[in-house]
>>> print(open('work16.txt').read())   # compact mmCIF, C-alpha atoms
# COMPACT_ATOMS: atom_id res chain seq x y z
CA MET S 41 48.84 103.90 -10.46
CA ALA S 42 50.07 105.76 -7.36
CA ILE S 43 49.21 104.45 -3.92
CA ASP S 44 46.19 106.11 -2.30
CA PRO S 45 46.87 105.69 1.44
CA ASP S 46 43.46 107.02 2.52
CA TYR S 47 41.72 104.45 0.35
CA LEU S 48 43.92 101.59 1.49
CA LEU S 49 43.66 102.42 5.20
CA ASN S 50 39.87 102.29 4.87
CA ARG S 51 39.77 99.38 2.45
CA GLU S 52 37.27 96.62 3.22
CA TRP S 53 38.79 93.14 3.21
CA PRO S 54 36.76 89.94 3.05
CA LYS S 55 36.56 87.70 6.09
CA ILE S 56 38.55 84.53 5.44
CA THR S 57 37.37 81.24 6.98
CA GLN S 58 39.66 78.22 6.91
CA THR S 59 39.43 74.72 8.29
CA TYR S 60 42.70 72.95 8.97
CA THR S 61 43.42 69.45 10.21
CA GLU S 62 46.12 67.53 12.04
CA LYS S 63 47.56 66.60 8.65
CA ASP S 64 47.95 70.30 7.78
CA CYS S 65 49.82 70.91 11.05
CA MET S 66 52.18 68.00 10.41
CA LEU S 67 52.78 69.16 6.81
CA TYR S 68 53.60 72.67 8.04
CA ALA S 69 56.02 71.33 10.64
CA LEU S 70 57.75 69.16 8.03
CA GLY S 71 57.89 72.19 5.74
CA VAL S 72 59.97 74.15 8.26
CA GLY S 73 62.30 71.24 8.98
CA MET S 74 60.76 69.46 11.96
CA GLY S 75 61.39 65.71 11.91
CA MET S 76 64.81 66.06 10.24
CA ASP S 77 65.86 63.49 12.83
CA PRO S 78 62.89 61.07 12.88
CA LEU S 79 64.19 59.53 16.14
CA ASP S 80 64.14 62.84 18.02
CA GLU S 81 61.05 62.54 20.23
CA ASP S 82 60.90 66.31 20.87
CA GLU S 83 60.51 66.97 17.15
CA LEU S 84 58.24 63.97 16.69
CA GLN S 85 55.57 65.71 18.81
CA PHE S 86 54.98 68.12 15.90
CA VAL S 87 54.93 65.62 13.02
CA PHE S 88 53.15 62.60 14.53
CA GLU S 89 49.43 62.61 15.32
CA GLU S 90 49.76 61.08 18.80
CA LYS S 91 49.37 64.04 21.23
CA LEU S 92 50.17 66.40 18.35
CA LYS S 93 51.55 69.86 19.17
CA VAL S 94 51.39 72.84 16.80
CA LEU S 95 54.31 75.17 16.10
CA PRO S 96 53.39 78.76 17.10
CA SER S 97 54.65 80.12 13.76
CA GLN S 98 51.94 78.20 11.91
CA ALA S 99 49.63 81.07 12.87
CA VAL S 100 51.01 83.04 9.90
CA MET S 101 49.33 80.57 7.52
CA MET S 102 45.88 80.69 9.14
CA ALA S 103 43.01 82.54 7.41
CA HIS S 104 45.62 84.18 5.21
CA PRO S 105 44.27 86.79 2.74
CA GLY S 106 46.37 85.43 -0.12
CA PHE S 107 48.72 87.34 -2.42
CA TRP S 108 46.82 90.61 -2.05
CA ALA S 109 49.55 92.75 -3.68
CA THR S 110 48.31 91.66 -7.12
CA GLU S 111 44.69 92.70 -6.52
CA GLU S 112 43.52 95.35 -8.96
CA ASP S 113 42.57 98.04 -6.44
CA ILE S 114 45.93 97.73 -4.64
CA ASP S 115 48.02 97.33 -7.81
CA LEU S 116 51.57 97.05 -6.50
CA ASP S 117 54.67 96.07 -8.44
CA TRP S 118 54.62 92.64 -6.81
CA MET S 119 57.99 91.51 -8.19
CA LYS S 120 59.66 94.28 -6.16
CA ILE S 121 57.93 93.48 -2.86
CA LEU S 122 59.98 92.46 0.16
CA HIS S 123 58.59 90.88 3.32
CA LEU S 124 60.37 93.18 5.76
CA GLY S 125 59.06 92.24 9.19
CA GLN S 126 56.75 89.90 11.07
CA GLU S 127 55.25 89.84 14.55
CA ILE S 128 53.14 87.08 16.09
CA ILE S 129 51.26 87.47 19.38
CA LEU S 130 49.97 84.14 20.69
CA HIS S 131 46.85 84.43 22.84
CA ARG S 132 46.74 80.67 23.50
CA PRO S 133 48.35 77.52 22.08
CA LEU S 134 47.06 76.72 18.60
CA PRO S 135 44.70 73.71 18.40
CA ALA S 136 45.78 70.77 16.25
CA ALA S 137 42.56 71.01 14.19
CA CYS S 138 40.17 73.94 13.97
CA THR S 139 38.03 76.22 11.82
CA VAL S 140 39.48 79.71 12.05
CA GLU S 141 38.50 83.10 10.67
CA ALA S 142 40.18 86.46 10.28
CA THR S 143 39.98 89.78 8.50
CA THR S 144 43.10 91.66 7.40
CA TRP S 145 43.42 95.44 7.33
CA PHE S 146 46.09 98.05 6.66
CA THR S 147 47.24 99.87 9.80
CA GLU S 148 50.11 101.97 8.43
CA ILE S 149 51.35 103.15 5.04
CA VAL S 150 54.54 105.23 4.92
CA ASP S 151 56.10 106.77 1.82
CA LYS S 152 59.89 106.32 1.86
CA GLY S 153 60.32 108.13 -1.47
CA GLU S 154 60.71 106.92 -5.04
CA ARG S 155 63.97 105.16 -4.24
CA GLY S 156 62.93 103.88 -0.80
CA GLY S 157 59.48 102.54 -1.72
CA ALA S 158 56.33 102.24 0.37
CA LEU S 159 56.28 100.70 3.85
CA MET S 160 52.94 98.91 4.40
CA VAL S 161 51.76 97.28 7.64
CA THR S 162 48.79 94.90 7.95
CA ASP S 163 47.14 93.38 11.02
CA ARG S 164 45.16 90.14 11.21
CA VAL S 165 43.50 88.59 14.27
CA VAL S 166 42.88 84.85 13.90
CA SER S 167 39.97 83.49 15.95
CA ASN S 168 38.32 80.13 16.53
CA ALA S 169 35.24 80.40 14.31
CA GLU S 170 33.12 78.24 16.63
CA THR S 171 33.97 79.77 20.01
CA GLY S 172 35.11 83.27 19.02
CA GLU S 173 38.29 82.86 21.09
CA GLU S 174 41.23 84.84 19.70
CA LEU S 175 44.18 82.58 18.89
CA ALA S 176 46.81 84.91 17.46
CA THR S 177 47.46 88.41 16.15
CA LEU S 178 49.69 88.75 13.07
CA ILE S 179 51.40 92.06 12.24
CA THR S 180 53.11 92.02 8.85
CA THR S 181 55.38 94.68 7.35
CA ILE S 182 56.22 94.73 3.66
CA LEU S 183 58.33 97.09 1.58
CA ALA S 184 56.87 97.81 -1.85
CA ARG S 185 60.12 98.94 -3.47
CA GLY S 186 58.50 100.00 -6.75
CA ASP S 187 55.67 102.08 -5.30
CA GLY S 188 57.17 104.97 -3.32
CA GLY S 189 56.88 108.65 -4.12
CA PHE S 190 53.13 109.02 -3.67
CA SER S 191 53.32 111.64 -0.90
CA LYS S 192 55.38 114.66 0.12
CA GLU S 193 55.17 113.59 3.76
CA ARG S 194 58.12 111.67 5.22
CA ARG S 195 57.52 110.00 8.57
CA PRO S 196 60.03 108.05 10.65
CA THR S 197 59.47 104.31 10.86
CA ARG S 198 59.10 102.34 14.06
CA LYS S 199 62.23 101.57 16.05
CA THR S 200 63.47 98.00 15.81
CA ASP S 201 64.57 95.80 18.70
CA ALA S 202 68.29 95.98 19.40
CA VAL S 203 70.52 92.91 19.40
CA PRO S 204 73.25 93.01 22.13
CA SER S 205 76.85 93.59 21.04
CA ARG S 206 78.23 90.88 23.34
CA GLU S 207 78.72 87.26 22.37
CA PRO S 208 75.43 85.28 22.29
CA ASP S 209 74.46 83.19 25.30
CA GLU S 210 73.40 80.27 23.10
CA ILE S 211 73.70 79.17 19.47
CA CYS S 212 71.41 76.74 17.63
CA ASP S 213 72.29 75.49 14.14
CA LEU S 214 69.52 73.91 12.05
CA PRO S 215 69.88 72.65 8.46
CA THR S 216 67.38 73.13 5.65
CA LEU S 217 66.75 70.71 2.80
CA PRO S 218 67.44 71.50 -0.89
CA GLN S 219 63.70 70.88 -1.51
CA GLN S 220 62.56 72.84 1.60
CA ALA S 221 60.79 75.61 -0.35
CA LEU S 222 58.92 73.08 -2.49
CA LEU S 223 57.72 71.34 0.66
CA TYR S 224 56.84 74.53 2.56
CA ARG S 225 54.76 75.99 -0.30
CA LEU S 226 52.26 73.11 0.09
CA SER S 227 51.06 74.86 3.26
CA GLY S 228 49.63 77.64 1.09
CA ASP S 229 52.27 80.13 -0.11
CA PHE S 230 52.49 79.50 -3.86
CA ASN S 231 54.58 82.52 -4.89
CA PRO S 232 56.54 81.19 -7.90
CA LEU S 233 59.68 82.99 -6.69
CA HIS S 234 60.20 80.02 -4.36
CA ALA S 235 59.74 77.29 -6.97
CA SER S 236 60.51 78.55 -10.49
CA PRO S 237 64.19 79.04 -11.44
CA ALA S 238 63.08 81.32 -14.30
CA VAL S 239 61.07 83.63 -12.04
CA ALA S 240 63.91 83.71 -9.50
CA ARG S 241 66.40 84.72 -12.21
CA ASP S 242 64.03 87.45 -13.48
CA VAL S 243 63.95 88.96 -9.99
CA GLY S 244 67.73 88.77 -9.66
CA TYR S 245 68.36 85.61 -7.63
CA GLU S 246 70.56 82.73 -8.76
CA ALA S 247 67.89 80.18 -7.77
CA PRO S 248 64.51 80.03 -5.99
CA ILE S 249 64.86 81.31 -2.44
CA LEU S 250 63.32 80.04 0.76
CA HIS S 251 60.11 81.77 1.85
CA GLY S 252 60.85 84.35 4.54
CA LEU S 253 58.13 82.76 6.67
CA CYS S 254 59.76 79.36 6.20
CA THR S 255 63.01 80.83 7.53
CA MET S 256 60.92 82.17 10.41
CA GLY S 257 59.56 78.65 10.97
CA VAL S 258 63.12 77.27 11.22
CA LEU S 259 63.89 80.07 13.67
CA THR S 260 60.78 79.15 15.68
CA HIS S 261 62.07 75.58 15.92
CA ALA S 262 65.37 76.94 17.26
CA LEU S 263 63.60 79.12 19.84
CA MET S 264 61.27 76.31 20.90
CA LYS S 265 64.28 74.03 21.36
CA THR S 266 66.54 76.43 23.25
CA CYS S 267 64.11 78.70 25.12
CA CYS S 268 60.75 76.91 25.51
CA ASP S 269 61.53 73.20 26.09
CA TYR S 270 59.40 72.48 22.99
CA ASP S 271 56.30 73.72 24.89
CA PRO S 272 54.12 75.97 22.65
CA ALA S 273 52.38 77.44 25.72
CA ARG S 274 55.63 79.18 26.70
CA PHE S 275 55.97 80.92 23.32
CA LYS S 276 54.05 84.20 23.78
CA ARG S 277 55.25 86.87 21.35
CA VAL S 278 57.88 87.15 18.64
CA ARG S 279 58.89 89.92 16.27
CA LEU S 280 61.74 90.25 13.79
CA ARG S 281 63.07 91.85 10.62
CA PHE S 282 64.02 89.92 7.50
CA SER S 283 67.39 91.13 6.24
CA ALA S 284 68.49 88.70 3.49
CA PRO S 285 67.15 85.63 1.65
CA VAL S 286 68.11 82.04 2.43
CA TYR S 287 68.66 79.45 -0.30
CA PRO S 288 67.21 75.99 0.35
CA GLY S 289 69.89 73.62 1.64
CA GLU S 290 71.67 76.23 3.73
CA THR S 291 72.18 75.96 7.50
CA ILE S 292 70.53 78.62 9.65
CA ARG S 293 72.35 79.62 12.82
CA THR S 294 70.23 81.28 15.52
CA GLU S 295 72.16 83.40 18.01
CA ILE S 296 70.32 83.98 21.30
CA TRP S 297 70.74 86.47 24.14
CA ARG S 298 68.73 85.95 27.34
CA GLU S 299 67.31 88.65 29.63
CA GLU S 300 64.97 86.69 31.96
CA ASN S 301 61.72 86.20 30.01
CA ASN S 302 62.85 88.46 27.17
CA ILE S 303 65.03 86.94 24.46
CA ALA S 304 66.97 88.78 21.74
CA PHE S 305 68.03 86.85 18.65
CA ARG S 306 69.27 86.96 15.08
CA CYS S 307 69.83 84.34 12.39
CA LYS S 308 72.67 83.80 9.94
CA SER S 309 73.14 81.69 6.86
CA LEU S 310 76.39 79.85 7.50
CA GLU S 311 77.00 79.25 3.79
CA GLN S 312 76.55 82.92 2.89
CA ASP S 313 78.09 84.21 6.15
CA LYS S 314 75.24 86.72 6.19
CA VAL S 315 72.58 87.83 8.69
CA VAL S 316 69.17 86.77 7.32
CA ILE S 317 66.93 87.66 10.29
CA ASN S 318 67.78 90.54 12.60
CA ASN S 319 66.36 92.63 15.45
CA GLY S 320 64.59 89.62 16.92
CA TYR S 321 62.58 89.67 20.16
CA LEU S 322 60.86 86.76 21.92
CA GLU S 323 58.70 86.86 25.04
CA VAL S 324 58.46 83.55 26.88
CA ALA S 325 56.20 82.50 29.75
>>> encode(input="work16.txt", output="structure tokens")
Amino acid sequence: MAIDPDYLLNREWPKITQTYTEKDCMLYALGVGMGMDPLDEDELQFVFEEKLKVLPSQAVMMAHPGFWATEEDIDLDWMKILHLGQEIILHRPLPAACTVEATTWFTEIVDKGERGGALMVTDRVVSNAETGEELATLITTILARGDGGFSKERRPTRKTDAVPSREPDEICDLPTLPQQALLYRLSGDFNPLHASPAVARDVGYEAPILHGLCTMGVLTHALMKTCCDYDPARFKRVRLRFSAPVYPGETIRTEIWREENNIAFRCKSLEQDKVVINNGYLEVA
């Protein structure tokens, strides 16, 4: 079934309400590699309930609409979907326990042709269900590689943030665990691509890959460490493009360029010698 952009742009999504606890925040932080050194007191703030802090990237898991690509009225070829880009705007530091709510909606659908696929952008504003305060805005870009060719119109896509050509100002290397994807999925992303060797092989990978948003969580740790003094209140806005998958157990190198309160970055897998996150931008307070 061909994509109907008019239908999708006007599609009604259910409101999602979710209650999370301190335990959920600690599990998420462990899932992106916090606490690798249990004696590091900066990391301990995110995995120990005493004065618990919440990683800004956990916002992507809050009031999530689920694996909507498989829903009958959307009907995408989900095995060919790529998570292409992610943006998080933090309106305030995330509480360590809260009931949140959000509604997702499509904001842009661009036909890149039968070979290029369909570029689809969703927005989601996560709010405190009790107070109505907005906590974060999530802007997600996916590429549905098997669903292009539904329109004769070809529109240019948004420009990405440039990464400087000079040597980075700082480098932060963080390891991942061989079981990192199995740990991260317990925070709510149960796509079998990240757990089942058989599914991974069917899609063309040699083994289950790390969730893109888990890689983003490792990146967030690197940015919190190097640019924010581990203070979530300083982490205001981040956007990036996913460029290649990471395999659990690899080391992620984050390269950072500073321009006052604006930070450019990219990430590499050292084992693959490949850029895995590119065109990164961070705004700090």
>>> residues_around(input="work16.txt", residues="region 306-312 of chain S", least_positions_apart="2", cutoff="10 Å", atoms="all atoms listed in the file", output="PyMOL selection string")
chain S and resi 203+208+211-213+215+255-256+258-259+262+280-287+289-297+304+314-321
>>> closest_atom_pairs(input="work16.txt", of="region 216-325 of chain S", to="region 95-108 of chain S", cutoff="8 Å", atoms="only C-alpha atoms", output="tab-separated table")
residue	atom	partner	partner_atom	distance
S:Ser227	CA	S:Met101	CA	7.3
S:Gly228	CA	S:Met101	CA	7.1
S:Asp229	CA	S:Gly106	CA	7.9
S:Asn231	CA	S:Phe107	CA	8.0
S:Leu253	CA	S:Val100	CA	7.8
S:Met256	CA	S:Ser97	CA	7.4
S:Gly257	CA	S:Ser97	CA	5.8
S:Thr260	CA	S:Ser97	CA	6.5
S:His261	CA	S:Leu95	CA	7.8
S:Pro272	CA	S:Pro96	CA	6.3
S:Phe275	CA	S:Pro96	CA	7.1
>>> residues_around(input="work16.txt", residues="Thr139 (chain S)", least_positions_apart="4", cutoff="6 Å", atoms="all atoms listed in the file", output="ChimeraX atom specification")
/S:58-59,169
>>> atom_distance(input="work16.txt", atom1="CA of Pro54 (chain S)", atom2="CA of Thr177 (chain S)")
17.0 Å
>>> residues_around(input="work16.txt", residues="Leu222 (chain S)", least_positions_apart="5", cutoff="12 Å", atoms="all atoms listed in the file", output="PDB file with C-alpha atoms, in the frame of the given file")
ATOM      1  CA  LEU S  67      52.780  69.160   6.810  1.00  0.00           C
ATOM      2  CA  TYR S  68      53.600  72.670   8.040  1.00  0.00           C
ATOM      3  CA  LEU S  70      57.750  69.160   8.030  1.00  0.00           C
ATOM      4  CA  GLY S  71      57.890  72.190   5.740  1.00  0.00           C
ATOM      5  CA  VAL S  72      59.970  74.150   8.260  1.00  0.00           C
ATOM      6  CA  THR S 216      67.380  73.130   5.650  1.00  0.00           C
ATOM      7  CA  LEU S 217      66.750  70.710   2.800  1.00  0.00           C
ATOM      8  CA  SER S 227      51.060  74.860   3.260  1.00  0.00           C
ATOM      9  CA  GLY S 228      49.630  77.640   1.090  1.00  0.00           C
ATOM     10  CA  ASP S 229      52.270  80.130  -0.110  1.00  0.00           C
ATOM     11  CA  PHE S 230      52.490  79.500  -3.860  1.00  0.00           C
ATOM     12  CA  ASN S 231      54.580  82.520  -4.890  1.00  0.00           C
ATOM     13  CA  PRO S 232      56.540  81.190  -7.900  1.00  0.00           C
ATOM     14  CA  LEU S 233      59.680  82.990  -6.690  1.00  0.00           C
ATOM     15  CA  HIS S 234      60.200  80.020  -4.360  1.00  0.00           C
ATOM     16  CA  ALA S 235      59.740  77.290  -6.970  1.00  0.00           C
ATOM     17  CA  SER S 236      60.510  78.550 -10.490  1.00  0.00           C
ATOM     18  CA  PRO S 237      64.190  79.040 -11.440  1.00  0.00           C
ATOM     19  CA  PRO S 248      64.510  80.030  -5.990  1.00  0.00           C
ATOM     20  CA  ILE S 249      64.860  81.310  -2.440  1.00  0.00           C
ATOM     21  CA  LEU S 250      63.320  80.040   0.760  1.00  0.00           C
ATOM     22  CA  HIS S 251      60.110  81.770   1.850  1.00  0.00           C
ATOM     23  CA  CYS S 254      59.760  79.360   6.200  1.00  0.00           C
ATOM     24  CA  TYR S 287      68.660  79.450  -0.300  1.00  0.00           C
ATOM     25  CA  PRO S 288      67.210  75.990   0.350  1.00  0.00           C
ATOM     26  CA  GLY S 289      69.890  73.620   1.640  1.00  0.00           C
TER      27      GLY S 289
END
>>> residues_around(input="work16.txt", residues="Thr181 (chain S)", least_positions_apart="5", cutoff="7 Å", atoms="all atoms listed in the file", output="PyMOL selection string")
chain S and resi 123-126+160-162
>>> residues_around(input="work16.txt", residues="Val166 (chain S)", least_positions_apart="6", cutoff="6 Å", atoms="only C-alpha atoms", output="list in words")
Glu141, Ala142, Leu175 and Ala176 of chain S
>>> write_last_selection(input="work16.txt", atoms="C-alpha atoms", output="mmCIF file, in the frame of the given file")
data_model
loop_
_atom_site.group_PDB
_atom_site.id
_atom_site.type_symbol
_atom_site.label_atom_id
_atom_site.label_comp_id
_atom_site.auth_asym_id
_atom_site.auth_seq_id
_atom_site.Cartn_x
_atom_site.Cartn_y
_atom_site.Cartn_z
ATOM 1 C CA GLU S 141 38.500 83.100 10.670
ATOM 2 C CA ALA S 142 40.180 86.460 10.280
ATOM 3 C CA LEU S 175 44.180 82.580 18.890
ATOM 4 C CA ALA S 176 46.810 84.910 17.460
#
>>> atom_distance(input="work16.txt", atom1="CA of Thr57 (chain S)", atom2="CA of Ser167 (chain S)")
9.6 Å
